[in-house]
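Structure file start-v8.cif (mmCIF, C-alpha atoms, pLDDT in the B column; chains and numbers go by the auth columns) follows.
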```cif
data_run
loop_
_atom_site.group_PDB
_atom_site.id
_atom_site.type_symbol
_atom_site.label_atom_id
_atom_site.label_comp_id
_atom_site.label_asym_id
_atom_site.label_seq_id
_atom_site.Cartn_x
_atom_site.Cartn_y
_atom_site.Cartn_z
_atom_site.B_iso_or_equiv
_atom_site.auth_seq_id
_atom_site.auth_asym_id
ATOM 1 C CA MET A 1 -193.552 291.371 52.077 53.00 226 I
ATOM 2 C CA SER A 2 -194.483 289.223 55.035 72.00 227 I
ATOM 3 C CA GLN A 3 -194.611 290.724 58.495 89.00 228 I
ATOM 4 C CA THR A 4 -193.354 287.498 60.050 92.00 229 I
ATOM 5 C CA LYS A 5 -190.070 285.638 60.144 93.00 230 I
ATOM 6 C CA ALA A 6 -189.761 281.967 61.113 92.00 231 I
ATOM 7 C CA ILE A 7 -186.909 281.354 63.534 92.00 232 I
ATOM 8 C CA HIS A 8 -185.441 277.845 63.723 90.00 233 I
ATOM 9 C CA VAL A 9 -183.455 276.965 66.843 87.00 234 I
ATOM 10 C CA ARG A 10 -182.949 273.620 68.610 84.00 235 I
ATOM 11 C CA ASN A 11 -185.597 271.797 66.608 84.00 236 I
ATOM 12 C CA ARG A 12 -188.133 274.471 67.531 89.00 237 I
ATOM 13 C CA MET A 13 -189.766 277.110 65.430 91.00 238 I
ATOM 14 C CA ILE A 14 -191.154 280.403 66.617 94.00 239 I
ATOM 15 C CA TRP A 15 -192.537 283.242 64.573 95.00 240 I
ATOM 16 C CA ALA A 16 -191.397 286.809 65.142 95.00 241 I
ATOM 17 C CA LEU A 17 -192.532 290.181 63.889 95.00 242 I
ATOM 18 C CA ASP A 18 -190.044 291.068 61.177 95.00 243 I
ATOM 19 C CA ASN A 19 -189.075 294.433 62.696 96.00 244 I
ATOM 20 C CA THR A 20 -188.365 293.110 66.192 97.00 245 I
ATOM 21 C CA HIS A 21 -186.497 290.137 64.747 96.00 246 I
ATOM 22 C CA ASP A 22 -184.326 292.451 62.661 96.00 247 I
ATOM 23 C CA ILE A 23 -183.676 294.856 65.530 97.00 248 I
ATOM 24 C CA VAL A 24 -182.605 292.045 67.876 97.00 249 I
ATOM 25 C CA VAL A 25 -180.405 290.342 65.284 96.00 250 I
ATOM 26 C CA ALA A 26 -178.767 293.706 64.449 97.00 251 I
ATOM 27 C CA ARG A 27 -178.056 294.207 68.163 97.00 252 I
ATOM 28 C CA MET A 28 -176.549 290.693 68.244 95.00 253 I
ATOM 29 C CA VAL A 29 -174.234 291.653 65.372 96.00 254 I
ATOM 30 C CA GLU A 30 -173.173 294.757 67.275 96.00 255 I
ATOM 31 C CA ALA A 31 -172.586 292.735 70.448 94.00 256 I
ATOM 32 C CA ALA A 32 -170.504 290.196 68.538 94.00 257 I
ATOM 33 C CA MET A 33 -168.402 292.937 66.956 91.00 258 I
ATOM 34 C CA GLU A 34 -167.828 294.747 70.263 89.00 259 I
ATOM 35 C CA GLY A 35 -166.349 291.675 71.936 75.00 260 I
ATOM 36 C CA ASP A 36 -163.893 289.052 70.865 77.00 261 I
ATOM 37 C CA CYS A 37 -165.864 287.242 68.199 81.00 262 I
ATOM 38 C CA PRO A 38 -164.672 283.631 68.084 88.00 263 I
ATOM 39 C CA THR A 39 -163.439 282.405 64.714 89.00 264 I
ATOM 40 C CA TRP A 40 -166.194 279.786 64.506 89.00 265 I
ATOM 41 C CA LEU A 41 -168.860 282.509 64.902 90.00 266 I
ATOM 42 C CA ALA A 42 -167.609 284.879 62.202 90.00 267 I
ATOM 43 C CA PRO A 43 -169.424 283.142 59.300 91.00 268 I
ATOM 44 C CA GLU A 44 -172.678 283.192 61.281 91.00 269 I
ATOM 45 C CA VAL A 45 -172.331 286.895 62.041 93.00 270 I
ATOM 46 C CA GLU A 46 -172.142 287.484 58.285 93.00 271 I
ATOM 47 C CA HIS A 47 -175.475 285.660 57.933 93.00 272 I
ATOM 48 C CA TRP A 48 -176.934 287.681 60.795 94.00 273 I
ATOM 49 C CA ARG A 49 -176.043 290.919 58.988 95.00 274 I
ATOM 50 C CA VAL A 50 -178.190 289.785 56.068 95.00 275 I
ATOM 51 C CA TRP A 51 -181.007 288.452 58.264 94.00 276 I
ATOM 52 C CA ALA A 52 -181.211 291.795 60.116 95.00 277 I
ATOM 53 C CA SER A 53 -181.475 293.746 56.879 95.00 278 I
ATOM 54 C CA ILE A 54 -183.265 291.750 54.202 91.00 279 I
ATOM 55 C CA ALA A 55 -186.955 290.793 54.245 85.00 280 I
ATOM 56 C CA ASP A 56 -188.105 287.188 54.475 82.00 281 I
ATOM 57 C CA VAL A 57 -184.876 285.628 55.778 84.00 282 I
ATOM 58 C CA ALA A 58 -184.653 284.766 59.461 89.00 283 I
ATOM 59 C CA PHE A 59 -182.406 283.670 62.286 86.00 284 I
ATOM 60 C CA GLU A 60 -181.434 280.033 62.255 84.00 285 I
ATOM 61 C CA ILE A 61 -178.903 278.052 64.262 82.00 286 I
ATOM 62 C CA PRO A 62 -176.647 275.625 62.383 78.00 287 I
ATOM 63 C CA ARG A 63 -177.663 272.024 63.071 78.00 288 I
ATOM 64 C CA GLU A 64 -174.115 271.067 64.042 81.00 289 I
ATOM 65 C CA TRP A 65 -174.015 273.534 66.941 84.00 290 I
ATOM 66 C CA GLY A 66 -173.955 272.160 70.456 83.00 291 I
ATOM 67 C CA GLU A 67 -174.250 273.466 74.012 85.00 292 I
ATOM 68 C CA THR A 68 -171.087 275.606 73.873 88.00 293 I
ATOM 69 C CA GLU A 69 -172.222 277.469 70.766 88.00 294 I
ATOM 70 C CA TRP A 70 -175.833 277.816 71.976 87.00 295 I
ATOM 71 C CA THR A 71 -174.621 279.210 75.294 90.00 296 I
ATOM 72 C CA PHE A 72 -172.328 281.727 73.578 92.00 297 I
ATOM 73 C CA CYS A 73 -175.148 282.809 71.271 92.00 298 I
ATOM 74 C CA GLU A 74 -177.503 283.108 74.243 94.00 299 I
ATOM 75 C CA GLN A 75 -175.004 285.486 75.867 94.00 300 I
ATOM 76 C CA LEU A 76 -175.008 287.625 72.711 95.00 301 I
ATOM 77 C CA VAL A 77 -178.797 287.809 72.861 96.00 302 I
ATOM 78 C CA ARG A 78 -178.547 288.894 76.502 97.00 303 I
ATOM 79 C CA GLU A 79 -176.098 291.631 75.472 96.00 304 I
ATOM 80 C CA ALA A 80 -178.448 292.630 72.642 96.00 305 I
ATOM 81 C CA ARG A 81 -181.260 292.881 75.200 97.00 306 I
ATOM 82 C CA VAL A 82 -179.209 295.233 77.375 97.00 307 I
ATOM 83 C CA GLN A 83 -178.428 297.431 74.347 97.00 308 I
ATOM 84 C CA ALA A 84 -182.092 297.460 73.344 97.00 309 I
ATOM 85 C CA VAL A 85 -183.276 298.421 76.829 98.00 310 I
ATOM 86 C CA GLN A 86 -180.704 301.228 76.974 98.00 311 I
ATOM 87 C CA HIS A 87 -182.032 302.549 73.653 97.00 312 I
ATOM 88 C CA GLY A 88 -185.736 302.108 74.452 98.00 313 I
ATOM 89 C CA ASP A 89 -188.600 302.214 71.982 98.00 314 I
ATOM 90 C CA VAL A 90 -187.669 302.174 68.292 97.00 315 I
ATOM 91 C CA PHE A 91 -189.054 304.813 65.919 97.00 316 I
ATOM 92 C CA PRO A 92 -188.832 305.103 62.115 96.00 317 I
ATOM 93 C CA ARG A 93 -186.013 307.654 62.444 96.00 318 I
ATOM 94 C CA ASP A 94 -183.914 305.011 64.249 96.00 319 I
ATOM 95 C CA LEU A 95 -183.779 302.923 61.077 94.00 320 I
ATOM 96 C CA GLU A 96 -182.878 305.774 58.714 91.00 321 I
ATOM 97 C CA ALA A 97 -179.118 305.309 59.001 91.00 322 I
ATOM 98 C CA TRP A 98 -178.737 302.142 61.090 97.00 323 I
ATOM 99 C CA THR A 99 -176.835 299.513 59.171 96.00 324 I
ATOM 100 C CA VAL A 100 -175.049 296.281 59.967 97.00 325 I
ATOM 101 C CA LEU A 101 -174.762 295.290 56.283 96.00 326 I
ATOM 102 C CA PRO A 102 -173.025 297.735 53.930 94.00 327 I
ATOM 103 C CA GLY A 103 -175.525 299.376 51.609 94.00 328 I
ATOM 104 C CA GLU A 104 -178.594 298.119 53.509 96.00 329 I
ATOM 105 C CA ARG A 105 -180.486 299.490 56.487 97.00 330 I
ATOM 106 C CA VAL A 106 -181.690 297.368 59.392 97.00 331 I
ATOM 107 C CA SER A 107 -185.149 295.981 58.550 95.00 332 I
ATOM 108 C CA GLY A 108 -184.804 297.586 55.137 94.00 333 I
ATOM 109 C CA GLY A 109 -185.240 300.963 56.828 95.00 334 I
ATOM 110 C CA PHE A 110 -188.968 300.240 57.177 93.00 335 I
ATOM 111 C CA LEU A 111 -190.896 300.187 60.455 94.00 336 I
ATOM 112 C CA ARG A 112 -194.438 298.755 60.390 92.00 337 I
ATOM 113 C CA TYR A 113 -195.643 300.863 63.304 93.00 338 I
ATOM 114 C CA PRO A 114 -195.115 304.467 64.430 96.00 339 I
ATOM 115 C CA ARG A 115 -192.980 302.869 67.159 96.00 340 I
ATOM 116 C CA ILE A 116 -191.932 299.441 68.344 96.00 341 I
ATOM 117 C CA PRO A 117 -192.185 299.452 72.146 97.00 342 I
ATOM 118 C CA ILE A 118 -189.279 298.124 74.129 98.00 343 I
ATOM 119 C CA ALA A 119 -191.616 295.482 75.619 97.00 344 I
ATOM 120 C CA ALA A 120 -191.994 293.929 72.151 97.00 345 I
ATOM 121 C CA ILE A 121 -188.230 293.901 71.655 97.00 346 I
ATOM 122 C CA THR A 122 -187.567 292.326 75.048 97.00 347 I
ATOM 123 C CA ASP A 123 -190.277 289.743 74.328 97.00 348 I
ATOM 124 C CA MET A 124 -188.293 288.813 71.216 96.00 349 I
ATOM 125 C CA THR A 125 -185.004 288.571 73.134 97.00 350 I
ATOM 126 C CA ASP A 126 -186.575 286.621 75.979 97.00 351 I
ATOM 127 C CA ALA A 127 -188.194 284.129 73.581 95.00 352 I
ATOM 128 C CA LEU A 128 -184.880 283.671 71.773 94.00 353 I
ATOM 129 C CA ILE A 129 -183.001 283.204 75.066 95.00 354 I
ATOM 130 C CA ASP A 130 -185.596 280.652 76.192 94.00 355 I
ATOM 131 C CA THR A 131 -185.359 278.825 72.856 91.00 356 I
ATOM 132 C CA LEU A 132 -181.542 278.742 72.926 90.00 357 I
ATOM 133 C CA SER A 133 -181.517 277.475 76.517 90.00 358 I
ATOM 134 C CA GLY A 134 -184.217 274.896 75.815 89.00 359 I
ATOM 135 C CA ASN A 135 -186.668 276.589 78.195 93.00 360 I
ATOM 136 C CA LEU A 136 -189.286 277.996 75.816 94.00 361 I
ATOM 137 C CA ALA A 137 -192.784 276.986 76.879 94.00 362 I
ATOM 138 C CA PRO A 138 -194.341 274.287 74.712 94.00 363 I
ATOM 139 C CA ASP A 139 -196.116 275.423 71.581 93.00 364 I
ATOM 140 C CA PRO A 140 -199.685 276.481 72.244 92.00 365 I
ATOM 141 C CA GLU A 141 -202.352 273.960 71.261 92.00 366 I
ATOM 142 C CA GLY A 142 -202.721 274.064 67.476 91.00 367 I
ATOM 143 C CA GLY A 143 -200.248 276.877 66.946 94.00 368 I
ATOM 144 C CA TRP A 144 -196.821 278.473 67.305 94.00 369 I
ATOM 145 C CA TRP A 145 -195.639 281.396 69.388 95.00 370 I
ATOM 146 C CA PHE A 146 -195.635 284.773 67.610 96.00 371 I
ATOM 147 C CA VAL A 147 -193.185 286.976 69.528 96.00 372 I
ATOM 148 C CA GLY A 148 -192.046 290.576 69.450 96.00 373 I
ATOM 149 C CA VAL A 149 -195.471 291.939 68.646 95.00 374 I
ATOM 150 C CA PRO A 150 -196.605 295.311 69.990 92.00 375 I
ATOM 151 C CA GLY A 151 -199.398 294.528 72.415 89.00 376 I
ATOM 152 C CA GLY A 152 -197.879 291.258 73.578 90.00 377 I
ATOM 153 C CA ARG A 153 -197.063 287.721 72.541 92.00 378 I
ATOM 154 C CA GLN A 154 -199.607 286.042 70.310 94.00 379 I
ATOM 155 C CA VAL A 155 -200.270 282.675 68.710 94.00 380 I
ATOM 156 C CA ILE A 156 -200.204 281.875 65.004 92.00 381 I
ATOM 157 C CA LYS A 157 -202.618 279.037 64.355 91.00 382 I
ATOM 158 C CA ARG A 158 -201.403 276.042 62.395 87.00 383 I
ATOM 159 C CA ARG A 159 -203.338 275.321 59.268 80.00 384 I
ATOM 160 C CA THR A 160 -204.927 271.935 59.154 71.00 385 I
ATOM 161 C CA GLU A 161 -205.579 270.055 55.987 60.00 386 I
ATOM 162 C CA THR A 162 -209.015 268.698 55.306 59.00 387 I
ATOM 163 C CA ALA A 163 -209.842 265.867 52.972 51.00 388 I
#
```
Now, as a test, write the supplied structure out as structure tokens.
Amino acid sequence: MSQTKAIHVRNRMIWALDNTHDIVVARMVEAAMEGDCPTWLAPEVEHWRVWASIADVAFEIPREWGETEWTFCEQLVREARVQAVQHGDVFPRDLEAWTVLPGERVSGGFLRYPRIPIAAITDMTDALIDTLSGNLAPDPEGGWWFVGVPGGRQVIKRRTETA
């Protein structure tokens, strides 16, 4: 099982640690369910439930979305960030019963570290907010952003082909 998930939003790709990705997407599901979820968003929320629970599938924005949908989604990420900050660091016990998809636990119930610090989770939300709003810093030279990592944002180097 890979520790990374590739997120595709607005013709950009960023990599995220699987656990922080799953935690943020699960919080987005909860935020969507707490409010008045628009009819057009309901099918996406069903995808998010899966993406927050199952390994190797990641957040992606439908290509037909425009500014209205991106802005609404960005607000859900902001709400997810607030929920995450209120909760604080995430420990293995937090995933034992947390579910947003019947029969499955968030992140498969598996945490890669003894704890995921809140700074890693807010890095994930902030990168997603910046991507949705079109304000994410350009990709680093020869690589992609790797967000939500304990210890701070990193870079995944692009492989280059040689003849």
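The gap separating CA of Ile232 in chain I from CA of Arg318 in chain I is 26.3 Å, in Å to one decimal.
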From the list I:Leu357, I:Val302, I:Ala277, I:Met349, the nearest residue to Trp290 in chain I using only C-alpha atoms is I:Leu357
Could you give me, as a tab-separated table, every range 267-333 of chain I residue with an atom at most 8 Å from range 358-369 of chain I, plus its closest atom pair and distance in Å to one decimal, counting all atoms listed in the file, rows ordered by chain then number?
```
residue	atom	partner	partner_atom	distance
I:Trp295	CA	I:Ser358	CA	7.3
I:Thr296	CA	I:Ser358	CA	7.2
I:Glu299	CA	I:Ser358	CA	7.3
```
**Report entry** Selection result of the PyMOL selection byres ((chain I and resi 333) around 10) on this file, as a ChimeraX atom specification
**Finding:** /I:244,247,277-280,320-321,323-324,329-332,334-336
Name every residue that the PyMOL selection byres ((chain I and resi 313) around 10) selects in this structure, writing the answer as a compact mmCIF listing (two decimals) with C-alpha atoms, in the coordinates of the input with chains first and numbers rising.
```
# COMPACT_ATOMS: atom_id res chain seq x y z
CA VAL I 307 -179.21 295.23 77.38
CA GLN I 308 -178.43 297.43 74.35
CA ALA I 309 -182.09 297.46 73.34
CA VAL I 310 -183.28 298.42 76.83
CA GLN I 311 -180.70 301.23 76.97
CA HIS I 312 -182.03 302.55 73.65
CA ASP I 314 -188.60 302.21 71.98
CA VAL I 315 -187.67 302.17 68.29
CA PHE I 316 -189.05 304.81 65.92
CA ILE I 341 -191.93 299.44 68.34
CA PRO I 342 -192.18 299.45 72.15
CA ILE I 343 -189.28 298.12 74.13
CA ALA I 344 -191.62 295.48 75.62
CA ILE I 346 -188.23 293.90 71.66
CA THR I 347 -187.57 292.33 75.05
```
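Remark: for Tyr338 in chain I, the closest of the candidate residues I:Gly376, I:Pro268, I:Thr356, I:Arg288 is I:Gly376 (distances computed over all atoms listed in the file).
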Applied to the shown file, which residues does the PyMOL selection byres ((chain I and resi 254) around 8) return, written as a count of residues only?
12
How close does each residue of range 268-356 of chain I get to range 259-262 of chain I, giving the shortest atom pair and distance in Å to one decimal for every residue with an atom at most 12 Å away, counting only C-alpha atoms, sorted by chain and residue number, as a Markdown table?
```
| residue | atom | partner | partner_atom | distance |
| --- | --- | --- | --- | --- |
| I:Pro268 | CA | I:Cys262 | CA | 10.4 |
| I:Glu269 | CA | I:Cys262 | CA | 10.5 |
| I:Val270 | CA | I:Cys262 | CA | 8.9 |
| I:Glu271 | CA | I:Cys262 | CA | 11.7 |
| I:Glu294 | CA | I:Cys262 | CA | 11.9 |
| I:Phe297 | CA | I:Cys262 | CA | 10.1 |
| I:Cys298 | CA | I:Cys262 | CA | 10.7 |
| I:Gln300 | CA | I:Gly260 | CA | 11.3 |
| I:Leu301 | CA | I:Gly260 | CA | 9.6 |
| I:Glu304 | CA | I:Glu259 | CA | 10.3 |
| I:Ala305 | CA | I:Glu259 | CA | 11.1 |
| I:Gln308 | CA | I:Glu259 | CA | 11.7 |
```
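If you look at CA of Phe284 in chain I and CA of His246 in chain I, they are 8.0 Å away from each other.
Using all atoms listed in the file, the shortest contact distance between Pro327 in chain I and any of I:Ile286, I:Thr245, I:Leu353, I:Val275 is found at I:Val275.
For the pair CA of Pro287 in chain I and CA of Arg378 in chain I, the interatomic distance is 25.8 Å.
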Long-range neighbours of Ala283 in chain I as an mmCIF file with C-alpha atoms, keeping the file's coordinate frame, 7 Å cut-off, only C-alpha atoms, 3 positions minimum in chain:
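Now in around.cif:
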```cif
data_model
loop_
_atom_site.group_PDB
_atom_site.id
_atom_site.type_symbol
_atom_site.label_atom_id
_atom_site.label_comp_id
_atom_site.auth_asym_id
_atom_site.auth_seq_id
_atom_site.Cartn_x
_atom_site.Cartn_y
_atom_site.Cartn_z
ATOM 1 C CA LYS I 230 -190.070 285.638 60.144
ATOM 2 C CA ALA I 231 -189.761 281.967 61.113
ATOM 3 C CA ILE I 232 -186.909 281.354 63.534
ATOM 4 C CA TRP I 276 -181.007 288.452 58.264
#
```
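Nearest residue to Ala241 in chain I, choosing from I:Val372, I:Ile381, I:Ile354, I:Leu326 and counting only C-alpha atoms: I:Val372.
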Judged by all atoms listed in the file, the minimum distance to Arg306 in chain I among I:Asn236, I:Thr350, I:Thr264, I:Thr293 is found for I:Thr350
Of I:Arg384, I:Ala352, I:Pro375, I:Ala322, the one sitting nearest Arg237 in chain I when using all atoms listed in the file is I:Ala352
Atoms are missing here; could range 337-371 of chain I be completed with N, CA and C atoms and written as an mmCIF file, in the frame of the given file?
```
data_model
loop_
_atom_site.group_PDB
_atom_site.id
_atom_site.type_symbol
_atom_site.label_atom_id
_atom_site.label_comp_id
_atom_site.auth_asym_id
_atom_site.auth_seq_id
_atom_site.Cartn_x
_atom_site.Cartn_y
_atom_site.Cartn_z
ATOM 1 N N ARG I 337 -193.012 298.995 60.622
ATOM 2 C CA ARG I 337 -194.438 298.755 60.390
ATOM 3 C C ARG I 337 -195.355 299.614 61.247
ATOM 4 N N TYR I 338 -194.845 300.118 62.339
ATOM 5 C CA TYR I 338 -195.643 300.863 63.304
ATOM 6 C C TYR I 338 -195.001 302.235 63.529
ATOM 7 N N PRO I 339 -195.734 303.178 64.093
ATOM 8 C CA PRO I 339 -195.115 304.467 64.430
ATOM 9 C C PRO I 339 -193.990 304.307 65.449
ATOM 10 N N ARG I 340 -194.063 303.213 66.238
ATOM 11 C CA ARG I 340 -192.980 302.869 67.159
ATOM 12 C C ARG I 340 -193.097 301.406 67.503
ATOM 13 N N ILE I 341 -191.960 300.801 67.800
ATOM 14 C CA ILE I 341 -191.932 299.441 68.344
ATOM 15 C C ILE I 341 -191.565 299.606 69.818
ATOM 16 N N PRO I 342 -192.474 299.268 70.725
ATOM 17 C CA PRO I 342 -192.185 299.452 72.146
ATOM 18 C C PRO I 342 -191.095 298.496 72.622
ATOM 19 N N ILE I 343 -190.362 298.936 73.600
ATOM 20 C CA ILE I 343 -189.279 298.124 74.129
ATOM 21 C C ILE I 343 -189.814 296.787 74.651
ATOM 22 N N ALA I 344 -191.044 296.752 75.138
ATOM 23 C CA ALA I 344 -191.616 295.482 75.619
ATOM 24 C C ALA I 344 -191.680 294.444 74.497
ATOM 25 N N ALA I 345 -191.959 294.866 73.282
ATOM 26 C CA ALA I 345 -191.994 293.929 72.151
ATOM 27 C C ALA I 345 -190.590 293.412 71.843
ATOM 28 N N ILE I 346 -189.610 294.298 71.944
ATOM 29 C CA ILE I 346 -188.230 293.901 71.655
ATOM 30 C C ILE I 346 -187.717 292.949 72.732
ATOM 31 N N THR I 347 -188.023 293.233 73.989
ATOM 32 C CA THR I 347 -187.567 292.326 75.048
ATOM 33 C C THR I 347 -188.328 291.004 74.999
ATOM 34 N N ASP I 348 -189.569 291.009 74.525
ATOM 35 C CA ASP I 348 -190.277 289.743 74.328
ATOM 36 C C ASP I 348 -189.536 288.892 73.308
ATOM 37 N N MET I 349 -189.058 289.528 72.252
ATOM 38 C CA MET I 349 -188.293 288.813 71.216
ATOM 39 C C MET I 349 -186.997 288.245 71.811
ATOM 40 N N THR I 350 -186.258 289.070 72.553
ATOM 41 C CA THR I 350 -185.004 288.571 73.134
ATOM 42 C C THR I 350 -185.275 287.460 74.134
ATOM 43 N N ASP I 351 -186.287 287.632 74.958
ATOM 44 C CA ASP I 351 -186.575 286.621 75.979
ATOM 45 C C ASP I 351 -186.991 285.296 75.340
ATOM 46 N N ALA I 352 -187.794 285.360 74.280
ATOM 47 C CA ALA I 352 -188.194 284.129 73.581
ATOM 48 C C ALA I 352 -186.984 283.452 72.950
ATOM 49 N N LEU I 353 -186.078 284.244 72.388
ATOM 50 C CA LEU I 353 -184.880 283.671 71.773
ATOM 51 C C LEU I 353 -183.960 283.070 72.832
ATOM 52 N N ILE I 354 -183.802 283.741 73.958
ATOM 53 C CA ILE I 354 -183.001 283.204 75.066
ATOM 54 C C ILE I 354 -183.613 281.885 75.544
ATOM 55 N N ASP I 355 -184.930 281.874 75.729
ATOM 56 C CA ASP I 355 -185.596 280.652 76.192
ATOM 57 C C ASP I 355 -185.459 279.527 75.175
ATOM 58 N N THR I 356 -185.500 279.850 73.887
ATOM 59 C CA THR I 356 -185.359 278.825 72.856
ATOM 60 C C THR I 356 -183.938 278.277 72.851
ATOM 61 N N LEU I 357 -182.948 279.173 72.924
ATOM 62 C CA LEU I 357 -181.542 278.742 72.926
ATOM 63 C C LEU I 357 -181.214 277.891 74.150
ATOM 64 N N SER I 358 -181.810 278.219 75.289
ATOM 65 C CA SER I 358 -181.517 277.475 76.517
ATOM 66 C C SER I 358 -182.393 276.231 76.668
ATOM 67 N N GLY I 359 -183.332 276.048 75.739
ATOM 68 C CA GLY I 359 -184.217 274.896 75.815
ATOM 69 C C GLY I 359 -185.357 275.077 76.792
ATOM 70 N N ASN I 360 -185.649 276.323 77.182
ATOM 71 C CA ASN I 360 -186.668 276.589 78.195
ATOM 72 C C ASN I 360 -187.923 277.276 77.664
ATOM 73 N N LEU I 361 -188.080 277.374 76.350
ATOM 74 C CA LEU I 361 -189.286 277.996 75.816
ATOM 75 C C LEU I 361 -190.489 277.111 76.123
ATOM 76 N N ALA I 362 -191.561 277.728 76.582
ATOM 77 C CA ALA I 362 -192.784 276.986 76.879
ATOM 78 C C ALA I 362 -193.227 276.197 75.646
ATOM 79 N N PRO I 363 -193.862 275.069 75.858
ATOM 80 C CA PRO I 363 -194.341 274.287 74.712
ATOM 81 C C PRO I 363 -195.220 275.131 73.795
ATOM 82 N N ASP I 364 -195.259 274.725 72.529
ATOM 83 C CA ASP I 364 -196.116 275.423 71.581
ATOM 84 C C ASP I 364 -197.553 275.397 72.083
ATOM 85 N N PRO I 365 -198.272 276.487 71.861
ATOM 86 C CA PRO I 365 -199.685 276.481 72.244
ATOM 87 C C PRO I 365 -200.456 275.447 71.417
ATOM 88 N N GLU I 366 -201.520 274.953 71.956
ATOM 89 C CA GLU I 366 -202.352 273.960 71.261
ATOM 90 C C GLU I 366 -202.731 274.472 69.874
ATOM 91 N N GLY I 367 -202.339 273.725 68.845
ATOM 92 C CA GLY I 367 -202.721 274.064 67.476
ATOM 93 C C GLY I 367 -202.024 275.267 66.879
ATOM 94 N N GLY I 368 -200.906 275.687 67.482
ATOM 95 C CA GLY I 368 -200.248 276.877 66.946
ATOM 96 C C GLY I 368 -198.789 276.978 67.310
ATOM 97 N N TRP I 369 -198.203 278.125 66.970
ATOM 98 C CA TRP I 369 -196.821 278.473 67.305
ATOM 99 C C TRP I 369 -196.835 279.824 67.995
ATOM 100 N N TRP I 370 -195.804 280.076 68.780
ATOM 101 C CA TRP I 370 -195.639 281.396 69.388
ATOM 102 C C TRP I 370 -195.340 282.424 68.306
ATOM 103 N N PHE I 371 -195.916 283.608 68.459
ATOM 104 C CA PHE I 371 -195.635 284.773 67.610
ATOM 105 C C PHE I 371 -195.139 285.842 68.566
#
```
